[in-house]
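With TSV, C-alpha atoms inside, this is upload.tsv:
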chain	number	residue	atom	x	y	z
A	1	MET	CA	88.95	137.82	128.04
A	2	ALA	CA	90.58	134.45	128.62
A	3	GLY	CA	87.56	132.62	127.24
A	4	SER	CA	87.43	134.77	124.10
A	5	ASP	CA	91.18	134.36	123.66
A	6	ASN	CA	90.85	130.57	123.79
A	7	ALA	CA	87.97	130.70	121.34
A	8	ARG	CA	90.04	132.79	118.98
A	9	ARG	CA	92.87	130.29	119.21
A	10	THR	CA	90.64	127.28	118.55
A	11	PRO	CA	91.46	126.28	114.95
A	12	PHE	CA	89.01	125.50	112.20
A	13	LEU	CA	89.21	121.76	111.59
A	14	PRO	CA	87.41	119.44	109.15
A	15	TRP	CA	84.58	117.55	110.83
A	16	THR	CA	86.42	114.23	110.38
A	17	MET	CA	89.26	115.56	112.51
A	18	ARG	CA	86.92	117.02	115.10
A	19	VAL	CA	85.19	113.67	115.58
A	20	GLN	CA	88.49	111.81	116.09
A	21	LEU	CA	89.92	114.44	118.43
A	22	ALA	CA	86.69	114.54	120.44
A	23	ALA	CA	86.78	110.75	120.80
A	24	LEU	CA	90.38	110.88	122.03
A	25	GLY	CA	89.45	113.66	124.42
A	26	ALA	CA	86.52	111.63	125.76
A	27	ALA	CA	88.93	108.80	126.55
A	28	HIS	CA	90.56	111.02	129.19
A	29	ARG	CA	89.16	112.07	132.55
A	30	ARG	CA	89.37	115.65	133.83
A	31	ASP	CA	92.54	114.83	135.75
A	32	GLY	CA	94.16	113.63	132.53
A	33	SER	CA	94.02	109.92	133.34
A	34	VAL	CA	92.93	107.50	130.62
A	35	ARG	CA	89.63	105.65	130.46
A	36	ARG	CA	91.33	102.48	129.23
A	37	LEU	CA	88.25	100.58	128.14
A	38	LEU	CA	86.86	103.53	126.21
A	39	PHE	CA	90.22	104.19	124.57
A	40	SER	CA	90.64	100.54	123.56
A	41	LEU	CA	87.24	100.59	121.86
A	42	GLY	CA	88.34	103.52	119.69
A	43	ASP	CA	91.91	102.38	119.05
A	44	LEU	CA	91.21	100.32	115.94
A	45	HIS	CA	94.09	98.25	114.63
A	46	ALA	CA	95.16	97.46	111.08
A	47	ALA	CA	96.66	94.11	110.16
A	48	ALA	CA	99.93	93.85	108.27
A	49	ARG	CA	99.40	93.47	104.53
A	50	PRO	CA	101.88	91.11	102.86
A	51	ARG	CA	100.34	91.87	99.45
A	52	PRO	CA	100.98	95.32	97.94
A	53	ASP	CA	98.18	97.86	98.24
A	54	ALA	CA	97.06	100.14	95.39
A	55	SER	CA	100.16	102.31	95.84
A	56	GLY	CA	102.54	99.34	95.82
A	57	VAL	CA	103.32	99.29	99.56
A	58	HIS	CA	103.24	96.05	101.56
A	59	SER	CA	103.87	95.43	105.25
A	60	ALA	CA	104.93	92.66	107.61
A	61	ASP	CA	105.56	92.33	111.33
A	62	VAL	CA	109.01	91.24	112.52
A	63	THR	CA	110.08	90.18	116.01
A	64	ILE	CA	112.96	92.19	117.47
A	65	ASP	CA	113.13	90.63	120.94
A	66	ALA	CA	110.58	88.00	121.91
A	67	THR	CA	111.65	88.06	125.57
A	68	ARG	CA	110.28	91.58	125.98
A	69	GLY	CA	107.50	91.36	123.39
A	70	LEU	CA	109.27	93.86	121.15
A	71	TRP	CA	108.33	93.93	117.46
A	72	ALA	CA	108.10	96.28	114.52
A	73	ARG	CA	105.95	96.69	111.44
A	74	VAL	CA	108.00	97.04	108.28
A	75	PHE	CA	106.60	98.92	105.29
A	76	SER	CA	108.29	98.42	101.94
A	77	PRO	CA	107.70	99.36	98.31
A	78	SER	CA	106.97	96.39	96.06
A	79	CYS	CA	110.00	97.04	93.86
A	80	ALA	CA	113.54	98.37	94.22
A	81	ALA	CA	114.42	101.99	93.47
A	82	ALA	CA	116.28	102.91	90.30
A	83	ASP	CA	118.83	105.08	92.12
A	84	GLY	CA	120.23	102.44	94.46
A	85	PRO	CA	119.45	100.92	97.90
A	86	LEU	CA	116.55	102.47	99.77
A	87	PRO	CA	117.04	104.59	102.92
A	88	VAL	CA	115.46	103.34	106.14
A	89	VAL	CA	113.17	105.35	108.43
A	90	VAL	CA	112.79	103.97	111.96
A	91	TYR	CA	109.52	105.43	113.27
A	92	PHE	CA	108.27	105.82	116.86
A	93	HIS	CA	104.56	106.53	117.32
A	94	GLY	CA	103.12	109.11	119.68
A	95	GLY	CA	100.68	108.70	122.56
A	96	GLY	CA	102.39	110.09	125.64
A	97	PHE	CA	104.39	106.85	126.14
A	98	VAL	CA	101.14	105.18	127.25
A	99	LEU	CA	98.82	104.92	124.23
A	100	PHE	CA	98.67	103.54	120.67
A	101	SER	CA	100.84	100.98	118.91
A	102	ALA	CA	102.51	100.37	115.57
A	103	ALA	CA	99.27	98.63	114.51
A	104	SER	CA	96.97	101.55	115.38
A	105	ARG	CA	95.22	102.63	112.20
A	106	PRO	CA	96.45	106.25	112.12
A	107	TYR	CA	100.08	105.12	112.44
A	108	ASP	CA	99.74	102.23	110.04
A	109	ALA	CA	98.34	104.67	107.47
A	110	LEU	CA	101.01	107.31	108.20
A	111	CYS	CA	103.92	104.90	107.85
A	112	ARG	CA	102.44	103.47	104.67
A	113	ARG	CA	102.22	107.02	103.35
A	114	LEU	CA	105.81	107.85	104.33
A	115	CYS	CA	107.04	104.68	102.63
A	116	ARG	CA	105.27	105.65	99.42
A	117	GLU	CA	106.12	109.35	99.38
A	118	LEU	CA	109.71	109.17	100.67
A	119	GLY	CA	110.70	106.07	98.71
A	120	ALA	CA	112.00	104.50	101.90
A	121	VAL	CA	111.59	101.36	103.96
A	122	VAL	CA	109.79	102.33	107.18
A	123	VAL	CA	110.30	100.33	110.38
A	124	SER	CA	107.57	101.28	112.89
A	125	VAL	CA	108.69	100.18	116.36
A	126	ASN	CA	106.10	98.82	118.77
A	127	TYR	CA	107.94	99.87	121.92
A	128	ARG	CA	106.72	98.92	125.39
A	129	LEU	CA	104.28	101.31	127.04
A	130	ALA	CA	104.01	102.93	130.46
A	131	PRO	CA	102.98	102.62	133.22
A	132	ARG	CA	103.86	98.94	133.09
A	133	HIS	CA	107.16	99.84	131.45
A	134	ARG	CA	108.44	103.18	132.70
A	135	PHE	CA	111.56	105.14	131.79
A	136	PRO	CA	113.88	104.04	130.26
A	137	ALA	CA	112.05	101.10	128.61
A	138	ALA	CA	110.97	103.00	125.48
A	139	TYR	CA	114.52	104.26	124.91
A	140	ASP	CA	115.95	100.77	125.48
A	141	ASP	CA	113.53	99.41	122.88
A	142	GLY	CA	114.55	102.08	120.38
A	143	VAL	CA	118.22	101.17	120.73
A	144	ALA	CA	117.30	97.47	120.51
A	145	ALA	CA	115.58	98.15	117.18
A	146	LEU	CA	118.75	99.74	115.80
A	147	ARG	CA	120.88	96.85	117.10
A	148	TYR	CA	118.48	94.43	115.41
A	149	LEU	CA	118.91	96.23	112.09
A	150	ASP	CA	122.66	96.36	112.56
A	151	THR	CA	122.87	92.63	113.25
A	152	ASN	CA	120.14	91.20	111.03
A	153	ALA	CA	119.22	93.93	108.52
A	154	LEU	CA	115.69	92.92	107.43
A	155	PRO	CA	114.41	89.48	106.33
A	156	GLY	CA	114.56	88.91	102.58
A	157	ASP	CA	110.93	87.84	102.46
A	158	VAL	CA	109.96	91.20	103.99
A	159	VAL	CA	112.25	93.47	101.95
A	160	PRO	CA	113.50	91.54	98.90
A	161	PHE	CA	116.00	94.18	97.77
A	162	SER	CA	118.89	96.23	99.13
A	163	ILE	CA	118.49	98.78	101.88
A	164	ASP	CA	121.01	101.45	102.85
A	165	LEU	CA	121.72	101.21	106.58
A	166	SER	CA	124.16	104.11	106.28
A	167	SER	CA	121.07	106.22	105.47
A	168	CYS	CA	119.01	105.39	108.54
A	169	PHE	CA	116.69	108.12	109.82
A	170	LEU	CA	114.92	108.22	113.16
A	171	ALA	CA	111.47	109.81	113.13
A	172	GLY	CA	108.64	110.12	115.61
A	173	ASP	CA	105.85	112.35	116.81
A	174	SER	CA	105.06	113.65	120.29
A	175	ALA	CA	106.37	110.99	122.73
A	176	GLY	CA	107.91	109.31	119.68
A	177	GLY	CA	109.80	112.53	118.97
A	178	ASN	CA	111.12	112.46	122.53
A	179	ILE	CA	112.26	108.86	121.94
A	180	VAL	CA	113.99	109.95	118.73
A	181	HIS	CA	116.15	112.42	120.64
A	182	HIS	CA	117.19	110.01	123.37
A	183	VAL	CA	117.84	107.08	121.02
A	184	ALA	CA	119.84	109.31	118.66
A	185	GLN	CA	121.93	110.51	121.61
A	186	ARG	CA	122.57	106.97	122.85
A	187	TRP	CA	123.53	105.74	119.38
A	188	ALA	CA	125.72	108.76	118.70
A	189	SER	CA	127.50	108.24	122.03
A	190	MET	CA	128.76	104.91	120.72
A	191	TYR	CA	130.68	106.82	118.06
A	192	SER	CA	131.89	109.54	120.40
A	193	ALA	CA	133.18	107.18	123.10
A	194	THR	CA	136.15	105.99	121.05
A	195	THR	CA	138.62	107.57	118.67
A	196	SER	CA	137.29	105.50	115.79
A	197	PRO	CA	133.69	104.55	114.95
A	198	PRO	CA	132.60	101.11	116.19
A	199	PRO	CA	132.03	98.40	113.58
A	200	VAL	CA	128.33	98.96	113.02
A	201	SER	CA	126.37	99.15	109.78
A	202	VAL	CA	123.62	101.47	110.99
A	203	ARG	CA	124.49	105.14	110.62
A	204	VAL	CA	121.83	107.54	111.89
A	205	ALA	CA	121.88	110.11	109.11
A	206	GLY	CA	119.16	112.34	110.53
A	207	ALA	CA	116.52	112.75	113.23
A	208	VAL	CA	112.99	113.99	112.52
A	209	LEU	CA	111.18	115.17	115.66
A	210	ILE	CA	107.53	115.93	114.94
A	211	GLN	CA	106.12	118.12	117.71
A	212	PRO	CA	108.27	116.29	120.29
A	213	PHE	CA	106.92	115.78	123.80
A	214	PHE	CA	109.25	117.70	126.12
A	215	GLY	CA	108.38	119.49	129.33
A	216	GLY	CA	109.31	120.73	132.78
A	217	GLU	CA	107.86	121.89	136.07
A	218	GLU	CA	107.61	125.45	134.77
A	219	ARG	CA	104.44	126.41	132.91
A	220	THR	CA	105.25	128.08	129.61
A	221	GLY	CA	103.18	130.77	127.94
A	222	ALA	CA	101.99	128.38	125.25
A	223	GLU	CA	100.89	125.76	127.78
A	224	VAL	CA	98.71	128.34	129.55
A	225	ALA	CA	97.34	130.00	126.40
A	226	LEU	CA	96.63	126.80	124.46
A	227	ASP	CA	95.51	124.53	127.29
A	228	THR	CA	91.98	124.19	125.88
A	229	ALA	CA	92.67	124.73	122.18
A	230	ILE	CA	91.78	121.12	121.28
A	231	PRO	CA	89.93	118.49	123.32
A	232	SER	CA	92.58	115.77	123.01
A	233	LEU	CA	95.53	117.50	124.70
A	234	SER	CA	95.77	119.62	127.83
A	235	MET	CA	98.19	120.26	130.68
A	236	ALA	CA	96.26	117.75	132.79
A	237	VAL	CA	96.78	115.10	130.10
A	238	THR	CA	100.48	115.80	129.58
A	239	ASP	CA	101.05	115.87	133.36
A	240	HIS	CA	99.39	112.46	133.61
A	241	TYR	CA	101.55	111.04	130.83
A	242	TRP	CA	104.71	112.18	132.60
A	243	ARG	CA	103.54	110.64	135.89
A	244	GLU	CA	102.95	107.34	134.10
A	245	PHE	CA	106.32	107.31	132.29
A	246	LEU	CA	108.91	108.91	134.55
A	247	PRO	CA	110.39	107.04	137.53
A	248	GLU	CA	108.06	107.14	140.51
A	249	GLY	CA	108.64	110.31	142.49
A	250	ALA	CA	110.43	112.10	139.64
A	251	THR	CA	109.38	115.60	138.60
A	252	ARG	CA	108.92	116.90	135.06
A	253	ASP	CA	112.41	118.39	135.30
A	254	HIS	CA	113.76	114.85	134.89
A	255	GLU	CA	116.33	114.53	132.09
A	256	ALA	CA	113.89	112.50	130.00
A	257	ALA	CA	111.40	115.38	129.90
A	258	ARG	CA	113.36	118.61	130.20
A	259	VAL	CA	115.62	118.44	127.17
A	260	CYS	CA	116.80	122.03	127.05
A	261	GLY	CA	119.49	124.19	128.60
A	262	GLU	CA	123.19	123.83	129.21
A	263	GLY	CA	122.82	120.58	131.13
A	264	VAL	CA	121.73	118.62	128.05
A	265	GLU	CA	124.45	116.26	126.79
A	266	LEU	CA	124.88	115.91	123.04
A	267	ALA	CA	127.43	113.53	121.56
A	268	ALA	CA	129.78	114.75	118.86
A	269	ALA	CA	128.08	112.41	116.37
A	270	PHE	CA	124.53	113.59	117.19
A	271	PRO	CA	122.80	113.67	113.77
A	272	PRO	CA	121.30	116.63	111.89
A	273	ALA	CA	117.77	117.24	113.14
A	274	MET	CA	114.50	118.42	111.65
A	275	VAL	CA	112.08	119.75	114.28
A	276	VAL	CA	108.43	120.28	113.37
A	277	ILE	CA	106.50	122.86	115.43
A	278	GLY	CA	102.79	123.69	115.30
A	279	GLY	CA	101.58	127.18	116.15
A	280	LEU	CA	98.56	125.83	118.06
A	281	ASP	CA	100.47	123.14	119.98
A	282	LEU	CA	100.69	123.81	123.72
A	283	LEU	CA	104.12	122.10	123.70
A	284	LYS	CA	105.64	124.51	121.19
A	285	ASP	CA	107.64	126.58	123.71
A	286	TRP	CA	109.46	123.46	124.94
A	287	GLN	CA	110.15	122.50	121.34
A	288	ALA	CA	111.56	125.96	120.62
A	289	ARG	CA	113.84	125.68	123.66
A	290	TYR	CA	115.04	122.31	122.39
A	291	VAL	CA	115.91	123.90	119.03
A	292	GLU	CA	117.80	126.69	120.82
A	293	THR	CA	119.76	124.08	122.78
A	294	LEU	CA	120.79	122.26	119.61
A	295	GLN	CA	121.82	125.53	118.00
A	296	ARG	CA	123.85	126.70	121.02
A	297	LYS	CA	125.70	123.39	121.03
A	298	GLY	CA	126.57	123.72	117.35
A	299	LYS	CA	124.27	121.01	116.02
A	300	ALA	CA	122.63	121.18	112.61
A	301	VAL	CA	118.90	121.72	112.99
A	302	ARG	CA	116.17	122.58	110.52
A	303	VAL	CA	112.99	124.08	111.96
A	304	VAL	CA	109.73	123.60	110.09
A	305	GLU	CA	106.82	125.61	111.49
A	306	TYR	CA	103.11	125.49	110.67
A	307	PRO	CA	101.36	128.45	112.37
A	308	ALA	CA	97.86	126.96	112.19
A	309	ALA	CA	98.82	123.38	113.11
A	310	ILE	CA	97.50	121.60	116.20
A	311	HIS	CA	99.29	118.78	117.99
A	312	GLY	CA	99.15	115.64	115.84
A	313	PHE	CA	98.18	117.41	112.62
A	314	HIS	CA	100.49	115.27	110.49
A	315	VAL	CA	98.38	112.10	110.82
A	316	PHE	CA	95.44	113.78	109.06
A	317	PRO	CA	96.09	113.67	105.30
A	318	GLU	CA	92.95	115.73	104.65
A	319	ILE	CA	94.66	118.95	105.76
A	320	ASP	CA	97.21	120.85	103.65
A	321	ASP	CA	99.89	121.14	106.34
A	322	SER	CA	100.09	117.37	106.59
A	323	GLY	CA	101.03	117.12	102.93
A	324	LYS	CA	103.52	119.97	103.29
A	325	PHE	CA	105.16	118.17	106.19
A	326	VAL	CA	105.64	114.99	104.16
A	327	GLU	CA	107.30	117.02	101.41
A	328	GLU	CA	109.61	118.70	103.92
A	329	MET	CA	110.58	115.33	105.38
A	330	LYS	CA	111.26	113.97	101.90
A	331	LEU	CA	113.63	116.88	101.20
A	332	PHE	CA	115.38	116.32	104.53
A	333	VAL	CA	115.93	112.63	103.79
A	334	GLN	CA	117.21	113.39	100.29
A	335	GLU	CA	119.60	116.00	101.65
A	336	HIS	CA	121.12	113.84	104.37
A	337	ARG	CA	121.08	110.30	102.96
A	338	SER	CA	124.42	108.73	102.15
A	339	LYS	CA	125.52	109.90	98.72
A	340	SER	CA	127.88	106.96	98.20
A	341	ASN	CA	124.96	104.56	97.67
A	342	VAL	CA	122.96	106.78	95.32
A	343	VAL	CA	123.34	105.97	91.64
Please rewrite the model in this file as structure tokens.
Amino acid sequence: MAGSDNARRTPFLPWTMRVQLAALGAAHRRDGSVRRLLFSLGDLHAAARPRPDASGVHSADVTIDATRGLWARVFSPSCAAADGPLPVVVYFHGGGFVLFSAASRPYDALCRRLCRELGAVVVSVNYRLAPRHRFPAAYDDGVAALRYLDTNALPGDVVPFSIDLSSCFLAGDSAGGNIVHHVAQRWASMYSATTSPPPVSVRVAGAVLIQPFFGGEERTGAEVALDTAIPSLSMAVTDHYWREFLPEGATRDHEAARVCGEGVELAAAFPPAMVVIGGLDLLKDWQARYVETLQRKGKAVRVVEYPAAIHGFHVFPEIDDSGKFVEEMKLFVQEHRSKSNVV
């Protein structure tokens, strides 16, 4: 019965998706560890494009902190918006804290698409990866990106028009969604620590967590039922990612992974959140618990569910749910951006 149940849960996917997911799956061993050489051969990179593409989006790489090799790819429309300064989306890619980069083709294409469809400047952060850089390096890099924006804004030759740093949104998928939570909490704590807000320009207006990577020692029903739903993600793979990222000797109940329950700290200024959940994602139970935690603590949260969506569906524009997600994110940004800078 278990085999037939898994077969029933295996979604119908376009062949283009199946090929890419199979390739990612092949880059992992049975124990979840990564075949680095094989993965690097498939992880094709896109160069920044200083000249606008057919949709009017151009990109450039900016250095955030040369001492730690931290940089970001900035995507910008070729002309200013008619309704005032553009909002900013700071994006964190997925990959279990150990794979991909801001230059990886799927993420370059996704951020270019978000820039075009949302009418926003997108800053895709190339945070440091585990296991060379374990917890809390990725979170430190996320905060460093916000501090960079707060201090420097963006170079005029990269974005030659006004941006609205009071309408800054954090967004990320999988491990990037995890980073979004922790960076949002750190930034919000700056506001909650004093009676008056600190003199910063960057206001995190919202957090978009796309199938965020949370977990714990407990095995949830979804993890067991959906363990073999797609070839690119399994409990063995997620366990390996946590071992690579968390401090040596830590369990999956570490505060970085288990972000649910009464023990989770949320600053008073924690931003409104949009949490995207896929019905065929083995992580969905942890995501649902995260939503419940936000709700119990009185935080504004919007849940967007796609019953037939697998983990990582949003990077495949050929499927309908990917387009629906972009529209939902656009509505969320429009709802929560600063109204004072909108003409």
(request) Go through A:Arg243, A:Gly172, A:Lys339, A:Ala269 and flag the residue nearest Trp187 of chain A, using all atoms listed in the file for the distances. (result) A:Ala269
(request) Tell me, in Å to one decimal, how far atom CA of Val158 of chain A is from atom CA of Arg49 of chain A. (result)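 One can read the atom CA of Val158 of chain A to atom CA of Arg49 of chain A distance as 10.8 Å.
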(message) Please report the interatomic distance between atom CA of Leu280 of chain A and atom CA of Asp227 of chain A in Å with one decimal.
(response) 9.8 Å
(message) One decimal, in Å: what's the spacing between atom CA of Met329 of chain A and atom CA of Ala229 of chain A?
(response)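 If I compute the distance from atom CA of Met329 of chain A to atom CA of Ala229 of chain A, I get 26.3 Å.
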(message) Applying 9 Å and all atoms listed in the file, which residues near Arg289 of chain A remain after dropping the ones on its own chain fewer than 4 positions away? List them as a count of residues only.
(response) 7
Show me, as a PDB file with C-alpha atoms, in the coordinates of the input, the residues that have an atom within 8 Å of Asp164 of chain A when counting all atoms listed in the file, minus same-chain residues fewer than 4 positions from it.
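Output below, filename around-v5.pdb:
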ATOM      1  CA  PRO A  85     119.450 100.920  97.900  1.00  0.00           C
ATOM      2  CA  LEU A  86     116.550 102.470  99.770  1.00  0.00           C
ATOM      3  CA  PRO A  87     117.040 104.590 102.920  1.00  0.00           C
ATOM      4  CA  VAL A  88     115.460 103.340 106.140  1.00  0.00           C
ATOM      5  CA  CYS A 168     119.010 105.390 108.540  1.00  0.00           C
ATOM      6  CA  ASN A 341     124.960 104.560  97.670  1.00  0.00           C
TER       7      ASN A 341
END
(message) When you count all atoms listed in the file, which of these residues is closest to Leu283 of chain A: A:Ala225, A:Met190, A:Leu21, A:Ala184?
(response) A:Ala225
(request) Check the smallest atom-to-atom distance from each of A:Pro52, A:Gly298, A:Pro77, A:Pro307 to Val159 of chain A using all atoms listed in the file, then report the winner. (result) A:Pro77
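Between Gly32 of chain A and the candidates A:Leu129, A:Phe161, A:Gly96, A:Leu282, the tightest atom-to-atom separation, counting all atoms listed in the file, involves A:Gly96.
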(request) In the coordinate frame of the file, compute which residues have an atom within 10 Å of (111.5, 107.8, 99.6) when using all atoms listed in the file, and state them as a list in words. (result)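 Residues satisfying the cut-off, written out: Pro77, Ala81, Leu86, Pro87, Val88, Val89, Leu114, Cys115, Arg116, Glu117, Leu118, Gly119, Ala120, Val121, Val122, Met329, Lys330, Leu331, Val333 and Gln334 of chain A.
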(request) Can you work out which one of A:Glu292, A:Asp320, A:Asp140, A:Asp53 has the shortest atom-to-atom distance to Ala109 of chain A, counting only C-alpha atoms? (result)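 For Ala109 of chain A, the nearest of the given residues is A:Asp53.
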(request) Write out as a list in words the residues lying within 10 Å of Ala26 of chain A, counting all atoms listed in the file and excluding same-chain residues fewer than 5 positions away. (result)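 The residues satisfying every condition are Gln20, Leu21, Val34, Arg35, Leu38, Phe39, Pro231 and Ser232 of chain A.
Proximity of A:Leu226, A:Leu41, A:Cys79, A:Ala103 to Ala60 of chain A, computed with all atoms listed in the file, is greatest for A:Ala103.
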Can you save segment 316-325 of chain A of the given block to a file, including all heavy atoms and formatted as an mmCIF file, in the first residue's frame?
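And here is the file that came out, result12.cif:
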data_model
loop_
_atom_site.group_PDB
_atom_site.id
_atom_site.type_symbol
_atom_site.label_atom_id
_atom_site.label_comp_id
_atom_site.auth_asym_id
_atom_site.auth_seq_id
_atom_site.Cartn_x
_atom_site.Cartn_y
_atom_site.Cartn_z
ATOM 1 N N PHE A 316 9.701 27.350 -11.955
ATOM 2 C CA PHE A 316 9.344 26.777 -13.259
ATOM 3 C C PHE A 316 8.190 27.569 -13.865
ATOM 4 O O PHE A 316 7.018 27.286 -13.572
ATOM 5 C CB PHE A 316 8.959 25.304 -13.110
ATOM 6 C CG PHE A 316 10.077 24.435 -12.618
ATOM 7 C CD1 PHE A 316 10.162 24.063 -11.274
ATOM 8 C CD2 PHE A 316 11.064 23.983 -13.492
ATOM 9 C CE1 PHE A 316 11.191 23.264 -10.817
ATOM 10 C CE2 PHE A 316 12.102 23.173 -13.035
ATOM 11 C CZ PHE A 316 12.174 22.822 -11.701
ATOM 12 N N PRO A 317 8.467 28.554 -14.700
ATOM 13 C CA PRO A 317 7.397 29.392 -15.255
ATOM 14 C C PRO A 317 6.438 28.648 -16.163
ATOM 15 O O PRO A 317 5.363 29.160 -16.479
ATOM 16 C CB PRO A 317 8.172 30.481 -16.029
ATOM 17 C CG PRO A 317 9.490 29.859 -16.340
ATOM 18 C CD PRO A 317 9.799 28.965 -15.186
ATOM 19 N N GLU A 318 6.785 27.419 -16.559
ATOM 20 C CA GLU A 318 5.915 26.668 -17.459
ATOM 21 C C GLU A 318 4.692 26.072 -16.769
ATOM 22 O O GLU A 318 3.809 25.543 -17.445
ATOM 23 C CB GLU A 318 6.704 25.550 -18.169
ATOM 24 C CG GLU A 318 7.359 24.538 -17.257
ATOM 25 C CD GLU A 318 8.818 24.862 -16.949
ATOM 26 O OE1 GLU A 318 9.115 26.031 -16.677
ATOM 27 O OE2 GLU A 318 9.642 23.933 -16.989
ATOM 28 N N ILE A 319 4.634 26.144 -15.434
ATOM 29 C CA ILE A 319 3.457 25.609 -14.746
ATOM 30 C C ILE A 319 2.594 26.754 -14.212
ATOM 31 O O ILE A 319 3.088 27.810 -13.840
ATOM 32 C CB ILE A 319 3.845 24.639 -13.615
ATOM 33 C CG1 ILE A 319 4.725 25.318 -12.571
ATOM 34 C CG2 ILE A 319 4.548 23.415 -14.176
ATOM 35 C CD1 ILE A 319 5.026 24.445 -11.385
ATOM 36 N N ASP A 320 1.277 26.519 -14.180
ATOM 37 C CA ASP A 320 0.324 27.566 -13.822
ATOM 38 C C ASP A 320 0.533 28.113 -12.411
ATOM 39 O O ASP A 320 0.411 29.315 -12.178
ATOM 40 C CB ASP A 320 -1.110 27.044 -13.958
ATOM 41 C CG ASP A 320 -1.520 26.794 -15.407
ATOM 42 O OD1 ASP A 320 -0.834 27.335 -16.311
ATOM 43 O OD2 ASP A 320 -2.497 26.063 -15.630
ATOM 44 N N ASP A 321 0.815 27.233 -11.445
ATOM 45 C CA ASP A 321 0.952 27.684 -10.069
ATOM 46 C C ASP A 321 2.092 28.676 -9.893
ATOM 47 O O ASP A 321 2.041 29.546 -9.015
ATOM 48 C CB ASP A 321 1.169 26.486 -9.136
ATOM 49 C CG ASP A 321 -0.120 25.732 -8.853
ATOM 50 O OD1 ASP A 321 -1.208 26.285 -9.121
ATOM 51 O OD2 ASP A 321 -0.044 24.581 -8.361
ATOM 52 N N SER A 322 3.105 28.571 -10.723
ATOM 53 C CA SER A 322 4.216 29.515 -10.649
ATOM 54 C C SER A 322 3.743 30.926 -10.986
ATOM 55 O O SER A 322 4.078 31.894 -10.299
ATOM 56 C CB SER A 322 5.333 29.091 -11.604
ATOM 57 O OG SER A 322 6.409 30.005 -11.565
ATOM 58 N N GLY A 323 2.935 31.037 -12.035
ATOM 59 C CA GLY A 323 2.380 32.337 -12.398
ATOM 60 C C GLY A 323 1.431 32.869 -11.344
ATOM 61 O O GLY A 323 1.415 34.077 -11.050
ATOM 62 N N LYS A 324 0.643 31.976 -10.752
ATOM 63 C CA LYS A 324 -0.285 32.393 -9.693
ATOM 64 C C LYS A 324 0.481 32.923 -8.481
ATOM 65 O O LYS A 324 0.080 33.895 -7.851
ATOM 66 C CB LYS A 324 -1.176 31.230 -9.286
ATOM 67 C CG LYS A 324 -2.141 30.773 -10.377
ATOM 68 C CD LYS A 324 -2.903 29.524 -9.939
ATOM 69 C CE LYS A 324 -3.819 29.017 -11.040
ATOM 70 N NZ LYS A 324 -4.505 27.758 -10.659
ATOM 71 N N PHE A 325 1.597 32.263 -8.174
ATOM 72 C CA PHE A 325 2.411 32.719 -7.051
ATOM 73 C C PHE A 325 2.926 34.131 -7.279
ATOM 74 O O PHE A 325 2.879 34.980 -6.376
ATOM 75 C CB PHE A 325 3.586 31.770 -6.814
ATOM 76 C CG PHE A 325 4.766 32.447 -6.191
ATOM 77 C CD1 PHE A 325 4.725 32.849 -4.871
ATOM 78 C CD2 PHE A 325 5.893 32.727 -6.948
ATOM 79 C CE1 PHE A 325 5.802 33.523 -4.306
ATOM 80 C CE2 PHE A 325 6.980 33.386 -6.385
ATOM 81 C CZ PHE A 325 6.921 33.785 -5.060
#
